[in-house]
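> First the structure, then my questions, so here it is.
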Amino acid sequence: MSQTAPSIVTSGQRTTALILATLGFAVNFWAWSLISPLGPIFVDRGLADDAALIVAIPVLVGSLGRILVGALTDRFGGRLMMPLVSLITIVPVLFIGFVGQYTYVTLIVGGFFLGVAGTSFAIGVPYVNSWFPKESRGSAIGIYGMGMGGTAIAAFTTVPLYTVGERLPFIIAAAVLLVYAIVAYLLMRNSPDWSPSRKNLVAQLADTARIKLTWQACYLYALSFGGYVAFSVYLPTYLINAYGLEASDASLRMAGFVIAAVVMRPVGGILSDRIGAVTTLVIAYGLVILCAVILVFDPPLMPIGTGCFLVMAIGLGLGSGATFALIAQTSDPAKVGSITGFVGAAGGLGGFVPPLLLGSLWAAQGTYSFGLVLLALCTVIALLISLWVSRDARRRTAAETVEP
């Protein structure tokens, strides 16, 4: 790859790009999460015996779709892809609001296409990455990650708006998506240092699959962001089953979990720029392991259970930010979109399986303890992989030092 002098980019341009990308992420994640707070209501209506599959389908589609959308972003740029995905998302949002929410089959169909909104994550990471210098990418990607707070918007507003009118939350979300798509198309610009990938799409994805960091980061993100997604979509059901809470109370507590994770995500990126991404990951996973072990013993919700869920959210948020700081700091900028697609897909898939598993465990055993044991064990593996990445980085640095 030829070395050229970087273009002059102002802080105002970087800030504008970061704000627009973060808003797009937040708006699309708001839409992506519309079904989750309504899961218990759909169960009460008799549309399903358990909400797990209903809320998991958008997660699955949004996750797998990131592989393709990340590669397309390397090719066409975030300036085109973010408004386009936002416009496409309007269709399933309105379908669910006016048609899909009344039968199980149409909910599944609507949720499948709603998954498109979840692919927005794989657009913003390479877009933001291209605007910022290497030494501040961790912080920038971490701030961009606050867009996952769109799930908190859904948690706080969906049920109250739904009580006013069954279609209202979907109409409002569709309107916001439309306004954002127009504004983003008019104001977003690709970085002057960004250049589109010219590789064949299949070859591009195959090349990404050969990078060891891709698969290491996939597991790390499947644990951190996957854990966040899993709890953000299933925590209301968990709290209703395990602690007998009302749906509205459970949704508000889930929103608190989401906010804690969202706030800590940029902290994870900032810490990665200061003390290193691997050190930040080790701290994050240590917190998750501790809380998972305590929750295995079904402590009272107040104060121990609530405290553990909040500290776990902090750990998952830190880990999510640190994982992409690791990618941004160590990857070829031309491949960040494709790597992000794979890793983002892994994160979403990490959020797809646990709700189904937890639902099955509750039905079979009446407890979530075994699922929490699995979470602790899987987090130990993530911690070991983080140390492995650190060892590889030290070996690379040593090899580069002795090269003539």
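All residue names refer to the structure tokens as shown: chains lettered A, B, ... in order, residues numbered from 1 in each chain, ligands numbered from 1 in order.
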Which polymer residues have any atom within 10 Å of an atom of Val202 of chain A, counting only C-alpha atoms, with same-chain residues fewer than 5 positions away left out, as a PDB file with N, CA, C and O atoms, in the first residue's frame?

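So the final result, stored in around-v3.pdb, reads:
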ATOM      1  N   LEU A  68     -21.589  -8.695   5.924  1.00  0.00           N
ATOM      2  CA  LEU A  68     -21.759  -8.116   4.589  1.00  0.00           C
ATOM      3  C   LEU A  68     -21.703  -6.593   4.631  1.00  0.00           C
ATOM      4  O   LEU A  68     -21.028  -5.960   3.812  1.00  0.00           O
ATOM      5  N   ALA A  71     -18.185  -5.147   5.062  1.00  0.00           N
ATOM      6  CA  ALA A  71     -17.423  -5.200   3.811  1.00  0.00           C
ATOM      7  C   ALA A  71     -17.925  -4.146   2.819  1.00  0.00           C
ATOM      8  O   ALA A  71     -17.130  -3.513   2.113  1.00  0.00           O
ATOM      9  N   ASP A 207      -9.893 -12.807   2.947  1.00  0.00           N
ATOM     10  CA  ASP A 207      -8.655 -12.240   3.482  1.00  0.00           C
ATOM     11  C   ASP A 207      -8.824 -11.870   4.953  1.00  0.00           C
ATOM     12  O   ASP A 207      -7.935 -12.113   5.781  1.00  0.00           O
ATOM     13  N   THR A 208      -9.964 -11.314   5.286  1.00  0.00           N
ATOM     14  CA  THR A 208     -10.236 -10.953   6.682  1.00  0.00           C
ATOM     15  C   THR A 208     -10.284 -12.185   7.570  1.00  0.00           C
ATOM     16  O   THR A 208      -9.811 -12.164   8.715  1.00  0.00           O
TER      17      THR A 208
END
> Pick out the residues sitting within 8 Å of Ala122 of chain A, and hand them over as a ChimeraX atom specification; count only C-alpha atoms, and ignore anything fewer than 3 positions along from it in its own chain.
/A:66-67,69-70,73,119,125-126,337,340-341,344
> Leaving out Tyr127 of chain A and any residue of its chain fewer than 6 positions from it, which residues lie within 8 Å of it when counting only C-alpha atoms, given as a list in words?
Ala21, Thr73, Gly77, Gly78, Asn190 and Ser191 of chain A
> Can you pull out the residues contacting Asp50 of chain A? Cut-off 9 Å, using only C-alpha atoms, and skip same-chain residues under 5 positions away; I want them as a ChimeraX atom specification.
/A:39-40,42-43,237,359
> Between A:Trp362, A:Trp388, A:Phe113, A:Phe25, which is the closest to Tyr238 of chain A once you count only C-alpha atoms?
A:Trp362
> Please provide as a CSV table (one decimal) with all heavy atoms, in the first residue's frame all residues within 9 Å of Gly24 of chain A, with the sequence filter that same-chain residues fewer than 2 positions apart are discarded (counting only C-alpha atoms).

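To be explicit, this is the file written out as out_1.csv:
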chain,number,residue,atom,x,y,z
A,19,ILE,N,-20.3,12.7,15.8
A,19,ILE,CA,-21.6,13.0,16.2
A,19,ILE,C,-22.6,12.3,15.3
A,19,ILE,O,-23.6,11.6,15.8
A,19,ILE,CB,-21.9,14.5,16.4
A,19,ILE,CG1,-21.1,15.1,17.5
A,19,ILE,CG2,-23.4,14.7,16.6
A,19,ILE,CD1,-21.2,16.6,17.6
A,20,LEU,N,-22.5,12.5,14.0
A,20,LEU,CA,-23.4,12.0,13.1
A,20,LEU,C,-23.4,10.4,13.1
A,20,LEU,O,-24.5,9.8,13.0
A,20,LEU,CB,-23.1,12.5,11.6
A,20,LEU,CG,-23.5,14.0,11.4
A,20,LEU,CD1,-22.9,14.4,10.1
A,20,LEU,CD2,-25.0,14.2,11.5
A,21,ALA,N,-22.2,9.9,13.2
A,21,ALA,CA,-22.2,8.4,13.2
A,21,ALA,C,-22.8,7.9,14.5
A,21,ALA,O,-23.6,6.9,14.4
A,21,ALA,CB,-20.7,7.9,13.1
A,22,THR,N,-22.5,8.5,15.6
A,22,THR,CA,-23.1,8.1,16.9
A,22,THR,C,-24.6,8.2,16.9
A,22,THR,O,-25.3,7.3,17.4
A,22,THR,CB,-22.5,8.9,18.0
A,22,THR,OG1,-21.0,8.7,18.0
A,22,THR,CG2,-22.9,8.3,19.4
A,26,ALA,N,-27.3,5.2,17.4
A,26,ALA,CA,-28.3,5.2,18.4
A,26,ALA,C,-29.7,5.1,17.9
A,26,ALA,O,-30.5,4.3,18.4
A,26,ALA,CB,-28.2,6.5,19.2
A,27,VAL,N,-30.0,5.8,16.8
A,27,VAL,CA,-31.3,5.8,16.2
A,27,VAL,C,-31.7,4.4,15.7
A,27,VAL,O,-32.8,3.8,15.9
A,27,VAL,CB,-31.5,6.8,15.1
A,27,VAL,CG1,-32.8,6.6,14.3
A,27,VAL,CG2,-31.4,8.2,15.7
A,28,ASN,N,-30.7,3.8,15.0
A,28,ASN,CA,-31.0,2.4,14.5
A,28,ASN,C,-31.1,1.4,15.6
A,28,ASN,O,-31.9,0.4,15.5
A,28,ASN,CB,-29.9,2.0,13.5
A,28,ASN,CG,-30.1,2.6,12.1
A,28,ASN,OD1,-30.9,2.1,11.3
A,28,ASN,ND2,-29.4,3.7,11.8
A,29,PHE,N,-30.3,1.5,16.7
A,29,PHE,CA,-30.4,0.6,17.8
A,29,PHE,C,-31.7,0.8,18.5
A,29,PHE,O,-32.2,-0.2,19.1
A,29,PHE,CB,-29.1,0.7,18.7
A,29,PHE,CG,-28.1,-0.4,18.5
A,29,PHE,CD1,-27.8,-0.7,17.2
A,29,PHE,CD2,-27.6,-1.0,19.6
A,29,PHE,CE1,-26.8,-1.8,17.0
A,29,PHE,CE2,-26.7,-2.1,19.4
A,29,PHE,CZ,-26.3,-2.4,18.1
A,82,MET,N,-24.8,4.5,6.0
A,82,MET,CA,-25.6,4.8,7.2
A,82,MET,C,-27.0,5.4,6.9
A,82,MET,O,-28.0,4.9,7.4
A,82,MET,CB,-24.8,5.8,8.2
A,82,MET,CG,-25.5,5.9,9.5
A,82,MET,SD,-25.4,4.4,10.5
A,82,MET,CE,-23.8,4.6,11.4
A,83,PRO,N,-27.1,6.4,6.0
A,83,PRO,CA,-28.5,6.8,5.6
A,83,PRO,C,-29.3,5.7,5.0
A,83,PRO,O,-30.5,5.6,5.2
A,83,PRO,CB,-28.2,8.0,4.7
A,83,PRO,CG,-26.8,8.5,5.0
A,83,PRO,CD,-26.1,7.2,5.4
A,86,SER,N,-30.7,3.3,7.5
A,86,SER,CA,-31.7,3.9,8.3
A,86,SER,C,-33.0,4.0,7.5
A,86,SER,O,-34.1,3.8,8.1
A,86,SER,CB,-31.3,5.4,8.6
A,86,SER,OG,-30.1,5.4,9.4
A,120,SER,N,-26.1,-1.5,11.5
A,120,SER,CA,-25.5,-0.1,11.5
A,120,SER,C,-24.2,0.0,12.3
A,120,SER,O,-23.4,0.8,12.0
A,120,SER,CB,-26.6,0.8,12.1
A,120,SER,OG,-26.9,0.5,13.4
A,121,PHE,N,-24.1,-0.9,13.2
A,121,PHE,CA,-22.8,-0.8,14.0
A,121,PHE,C,-21.6,-1.0,13.2
A,121,PHE,O,-20.6,-0.4,13.4
A,121,PHE,CB,-22.9,-1.9,15.1
A,121,PHE,CG,-21.6,-2.1,15.9
A,121,PHE,CD1,-21.3,-1.1,16.8
A,121,PHE,CD2,-20.7,-3.1,15.7
A,121,PHE,CE1,-20.1,-1.2,17.6
A,121,PHE,CE2,-19.6,-3.2,16.4
A,121,PHE,CZ,-19.2,-2.3,17.3
A,124,GLY,N,-20.5,2.4,11.3
A,124,GLY,CA,-19.9,3.5,12.1
A,124,GLY,C,-18.4,3.3,12.5
A,124,GLY,O,-17.6,4.2,12.6
A,147,GLY,N,-23.6,5.0,21.1
A,147,GLY,CA,-24.8,4.8,20.4
A,147,GLY,C,-25.6,3.6,20.7
A,147,GLY,O,-26.9,3.6,20.4
A,177,LEU,N,-36.1,8.0,12.3
A,177,LEU,CA,-35.2,7.4,11.3
A,177,LEU,C,-35.2,8.2,10.0
A,177,LEU,O,-34.1,8.4,9.4
A,177,LEU,CB,-35.6,5.9,11.0
A,177,LEU,CG,-35.2,4.9,12.1
A,177,LEU,CD1,-36.1,3.6,11.8
A,177,LEU,CD2,-33.8,4.6,12.0
A,180,TYR,N,-33.3,11.5,10.5
A,180,TYR,CA,-31.9,11.2,10.6
A,180,TYR,C,-31.3,10.9,9.2
A,180,TYR,O,-30.2,11.4,8.8
A,180,TYR,CB,-31.5,10.1,11.5
A,180,TYR,CG,-30.1,9.7,11.4
A,180,TYR,CD1,-29.1,10.5,12.0
A,180,TYR,CD2,-29.7,8.6,10.6
A,180,TYR,CE1,-27.8,10.2,11.8
A,180,TYR,CE2,-28.3,8.3,10.5
A,180,TYR,CZ,-27.4,9.1,11.1
A,180,TYR,OH,-26.1,8.8,10.9
A,181,ALA,N,-32.0,10.0,8.4
A,181,ALA,CA,-31.4,9.6,7.1
A,181,ALA,C,-31.2,10.9,6.2
A,181,ALA,O,-30.2,11.0,5.5
A,181,ALA,CB,-32.4,8.6,6.5
A,184,ALA,N,-28.3,13.0,7.7
A,184,ALA,CA,-27.0,12.3,7.5
A,184,ALA,C,-26.6,12.4,6.1
A,184,ALA,O,-25.4,12.6,5.8
A,184,ALA,CB,-27.1,10.8,8.0
> As a list of chain:residue names, please: the residues near Leu34 of chain A (cut-off 10 Å, only C-alpha atoms, same-chain neighbours under 3 positions excluded).
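The filter keeps A:Phe29, A:Trp30, A:Ala31, A:Pro37, A:Leu38, A:Gly39, A:Val55, A:Pro58, A:Val93, A:Ile96, A:Gly97, A:Gly111, A:Leu114, A:Gly150, A:Thr151, A:Ile153, A:Ala154, A:Ala155, A:Thr157, A:Thr158, A:Val159, A:Pro169, A:Phe170, A:Ala173, A:Val233.
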> Keeping only N, CA and C atoms, write the selected residues as a short mmCIF file (atom, residue, chain, number, x, y, z; two decimals), in the first residue's frame.

data_model
loop_
_atom_site.label_atom_id
_atom_site.label_comp_id
_atom_site.auth_asym_id
_atom_site.auth_seq_id
_atom_site.Cartn_x
_atom_site.Cartn_y
_atom_site.Cartn_z
N PHE A 29 -30.26 1.53 16.66
CA PHE A 29 -30.36 0.59 17.77
C PHE A 29 -31.67 0.78 18.55
N TRP A 30 -32.17 1.98 18.59
CA TRP A 30 -33.49 2.23 19.17
C TRP A 30 -34.53 1.40 18.40
N ALA A 31 -34.50 1.51 17.09
CA ALA A 31 -35.45 0.75 16.27
C ALA A 31 -35.23 -0.75 16.43
N PRO A 37 -38.74 -4.68 24.83
CA PRO A 37 -39.54 -4.30 26.00
C PRO A 37 -40.99 -4.81 25.94
N LEU A 38 -41.46 -5.11 24.73
CA LEU A 38 -42.84 -5.57 24.56
C LEU A 38 -42.97 -7.08 24.64
N GLY A 39 -41.83 -7.80 24.77
CA GLY A 39 -41.88 -9.26 24.81
C GLY A 39 -42.83 -9.81 25.84
N VAL A 55 -37.61 -11.91 20.66
CA VAL A 55 -36.62 -10.85 20.83
C VAL A 55 -35.26 -11.22 20.26
N PRO A 58 -34.33 -10.49 15.72
CA PRO A 58 -33.64 -9.30 15.20
C PRO A 58 -32.16 -9.29 15.54
N VAL A 93 -40.09 -1.39 10.73
CA VAL A 93 -40.64 -0.71 11.91
C VAL A 93 -42.13 -0.44 11.72
N ILE A 96 -44.22 -3.79 11.63
CA ILE A 96 -44.52 -4.34 12.95
C ILE A 96 -45.59 -3.51 13.66
N GLY A 97 -45.48 -2.19 13.54
CA GLY A 97 -46.43 -1.31 14.21
C GLY A 97 -47.85 -1.47 13.72
N GLY A 111 -39.60 -9.02 12.84
CA GLY A 111 -38.35 -9.01 13.58
C GLY A 111 -37.16 -9.39 12.72
N LEU A 114 -36.35 -6.36 10.78
CA LEU A 114 -35.90 -5.32 11.70
C LEU A 114 -34.42 -5.49 12.03
N GLY A 150 -29.16 3.56 22.27
CA GLY A 150 -30.48 3.50 21.63
C GLY A 150 -31.36 2.43 22.25
N THR A 151 -30.74 1.37 22.78
CA THR A 151 -31.53 0.34 23.46
C THR A 151 -32.15 0.89 24.73
N ILE A 153 -33.15 4.03 25.06
CA ILE A 153 -34.30 4.82 24.61
C ILE A 153 -35.50 3.91 24.43
N ALA A 154 -35.28 2.77 23.79
CA ALA A 154 -36.37 1.81 23.60
C ALA A 154 -36.91 1.32 24.93
N ALA A 155 -36.00 1.04 25.87
CA ALA A 155 -36.43 0.52 27.17
C ALA A 155 -37.27 1.53 27.94
N THR A 157 -38.96 4.25 26.68
CA THR A 157 -40.10 4.87 26.01
C THR A 157 -41.12 3.91 25.42
N THR A 158 -40.70 2.70 25.05
CA THR A 158 -41.59 1.83 24.27
C THR A 158 -42.86 1.46 25.02
N VAL A 159 -42.72 0.95 26.23
CA VAL A 159 -43.91 0.52 26.98
C VAL A 159 -44.82 1.70 27.33
N PRO A 169 -45.13 3.95 19.43
CA PRO A 169 -43.67 3.86 19.46
C PRO A 169 -43.04 3.57 18.10
N PHE A 170 -43.76 2.83 17.27
CA PHE A 170 -43.23 2.49 15.95
C PHE A 170 -43.30 3.68 14.99
N ALA A 173 -40.49 6.13 16.06
CA ALA A 173 -39.17 5.64 15.66
C ALA A 173 -38.97 5.77 14.15
N VAL A 233 -31.89 -7.63 26.26
CA VAL A 233 -33.15 -8.13 25.68
C VAL A 233 -33.87 -9.10 26.61
#
> I'd like the contact shell of Ile141 of chain A - 12 Å cut-off, only C-alpha atoms, skipping same-chain residues fewer than 3 positions apart - returned as a VMD selection string.
chain A and resid 17 to 19 21 to 22 25 121 to 138 144 to 148 265 to 273 320 to 329 336 340
> Print the selection's residues with C-alpha atoms to a file, as an mmCIF file, in the first residue's frame.

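result22.cif, written as the output of this step:
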data_model
loop_
_atom_site.group_PDB
_atom_site.id
_atom_site.type_symbol
_atom_site.label_atom_id
_atom_site.label_comp_id
_atom_site.auth_asym_id
_atom_site.auth_seq_id
_atom_site.Cartn_x
_atom_site.Cartn_y
_atom_site.Cartn_z
ATOM 1 C CA ALA A 17 -18.350 12.912 11.744
ATOM 2 C CA LEU A 18 -18.334 11.334 15.218
ATOM 3 C CA ILE A 19 -21.632 12.963 16.240
ATOM 4 C CA ALA A 21 -22.168 8.390 13.199
ATOM 5 C CA THR A 22 -23.085 8.050 16.888
ATOM 6 C CA PHE A 25 -25.968 4.098 15.612
ATOM 7 C CA PHE A 121 -22.825 -0.847 14.036
ATOM 8 C CA ALA A 122 -20.514 -2.221 11.331
ATOM 9 C CA ILE A 123 -20.862 1.036 9.388
ATOM 10 C CA GLY A 124 -19.867 3.495 12.066
ATOM 11 C CA VAL A 125 -16.704 1.801 13.335
ATOM 12 C CA PRO A 126 -14.703 2.020 10.063
ATOM 13 C CA TYR A 127 -16.247 5.419 9.318
ATOM 14 C CA VAL A 128 -15.111 6.897 12.649
ATOM 15 C CA ASN A 129 -11.801 5.027 12.502
ATOM 16 C CA SER A 130 -10.944 6.702 9.189
ATOM 17 C CA TRP A 131 -11.434 10.186 10.652
ATOM 18 C CA PHE A 132 -9.152 9.854 13.700
ATOM 19 C CA PRO A 133 -5.395 9.306 14.169
ATOM 20 C CA LYS A 134 -4.253 5.985 15.610
ATOM 21 C CA GLU A 135 -3.456 7.353 19.069
ATOM 22 C CA SER A 136 -7.038 8.563 19.661
ATOM 23 C CA ARG A 137 -9.052 5.900 17.849
ATOM 24 C CA GLY A 138 -9.779 3.967 21.034
ATOM 25 C CA TYR A 144 -19.225 6.083 19.071
ATOM 26 C CA GLY A 145 -20.139 2.981 21.035
ATOM 27 C CA MET A 146 -22.399 5.104 23.233
ATOM 28 C CA GLY A 147 -24.835 4.846 20.355
ATOM 29 C CA MET A 148 -25.807 1.470 21.765
ATOM 30 C CA ARG A 265 -18.124 1.826 26.758
ATOM 31 C CA PRO A 266 -16.305 5.100 25.950
ATOM 32 C CA VAL A 267 -14.444 4.731 29.242
ATOM 33 C CA GLY A 268 -13.221 1.382 27.919
ATOM 34 C CA GLY A 269 -11.914 3.114 24.799
ATOM 35 C CA ILE A 270 -10.294 5.950 26.758
ATOM 36 C CA LEU A 271 -8.643 3.542 29.207
ATOM 37 C CA SER A 272 -7.366 1.532 26.235
ATOM 38 C CA ASP A 273 -5.604 4.641 24.939
ATOM 39 C CA SER A 320 -16.999 -3.719 24.479
ATOM 40 C CA GLY A 321 -15.098 -0.452 24.205
ATOM 41 C CA ALA A 322 -11.701 -2.058 24.719
ATOM 42 C CA THR A 323 -12.251 -4.744 22.072
ATOM 43 C CA PHE A 324 -12.722 -2.236 19.272
ATOM 44 C CA ALA A 325 -9.937 -0.067 20.616
ATOM 45 C CA LEU A 326 -7.742 -3.155 20.173
ATOM 46 C CA ILE A 327 -8.900 -3.512 16.552
ATOM 47 C CA ALA A 328 -8.550 0.192 15.759
ATOM 48 C CA GLN A 329 -5.046 0.355 17.203
ATOM 49 C CA VAL A 336 -11.302 -2.254 9.746
ATOM 50 C CA THR A 340 -15.675 -5.025 12.304
#
> For atom CA of Gly100 of chain A and atom CA of Ala56 of chain A, quote the distance in Å rounded to one decimal.
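Separation of atom CA of Gly100 of chain A and atom CA of Ala56 of chain A: 15.8 Å.
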> Which distance in Å separates atom CA of Asp249 of chain A and atom CA of Pro236 of chain A, to one decimal?
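These atoms are spaced 8.3 Å apart.
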> From the set A:Thr89, A:Ser338, A:Gln365, A:Gln13, which residue has the shortest atom-to-atom contact distance to Ala175 of chain A, counting only C-alpha atoms?
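With only C-alpha atoms as the atom set, the closest residue is A:Thr89.
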> Write out as an MDAnalysis selection string the set of residues from segment 95-264 of chain A that DSSP, computed on the backbone, places in alpha helix (DSSP H).
chainID A and resid 95:98 104:114 121:131 137:144 150:164 168:187 201:209 212:243 247:264
> Which residue, A:Ala230, A:Ala363, A:Ala260, A:Leu310, has the smallest gap to Leu375 of chain A when you use only C-alpha atoms?
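Ranked by minimum distance to Leu375 of chain A, first place goes to A:Ala230.
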> Under the rule that only C-alpha atoms are counted, which of A:Gly366, A:Gly317, A:Gly115, A:Pro160 is the nearest residue to Ala242 of chain A?
A:Gly366
> What separation in Å, quoted to one decimal, exists between atom CA of Thr306 of chain A and atom CA of Arg253 of chain A?
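Distance between the two atoms: 8.5 Å.
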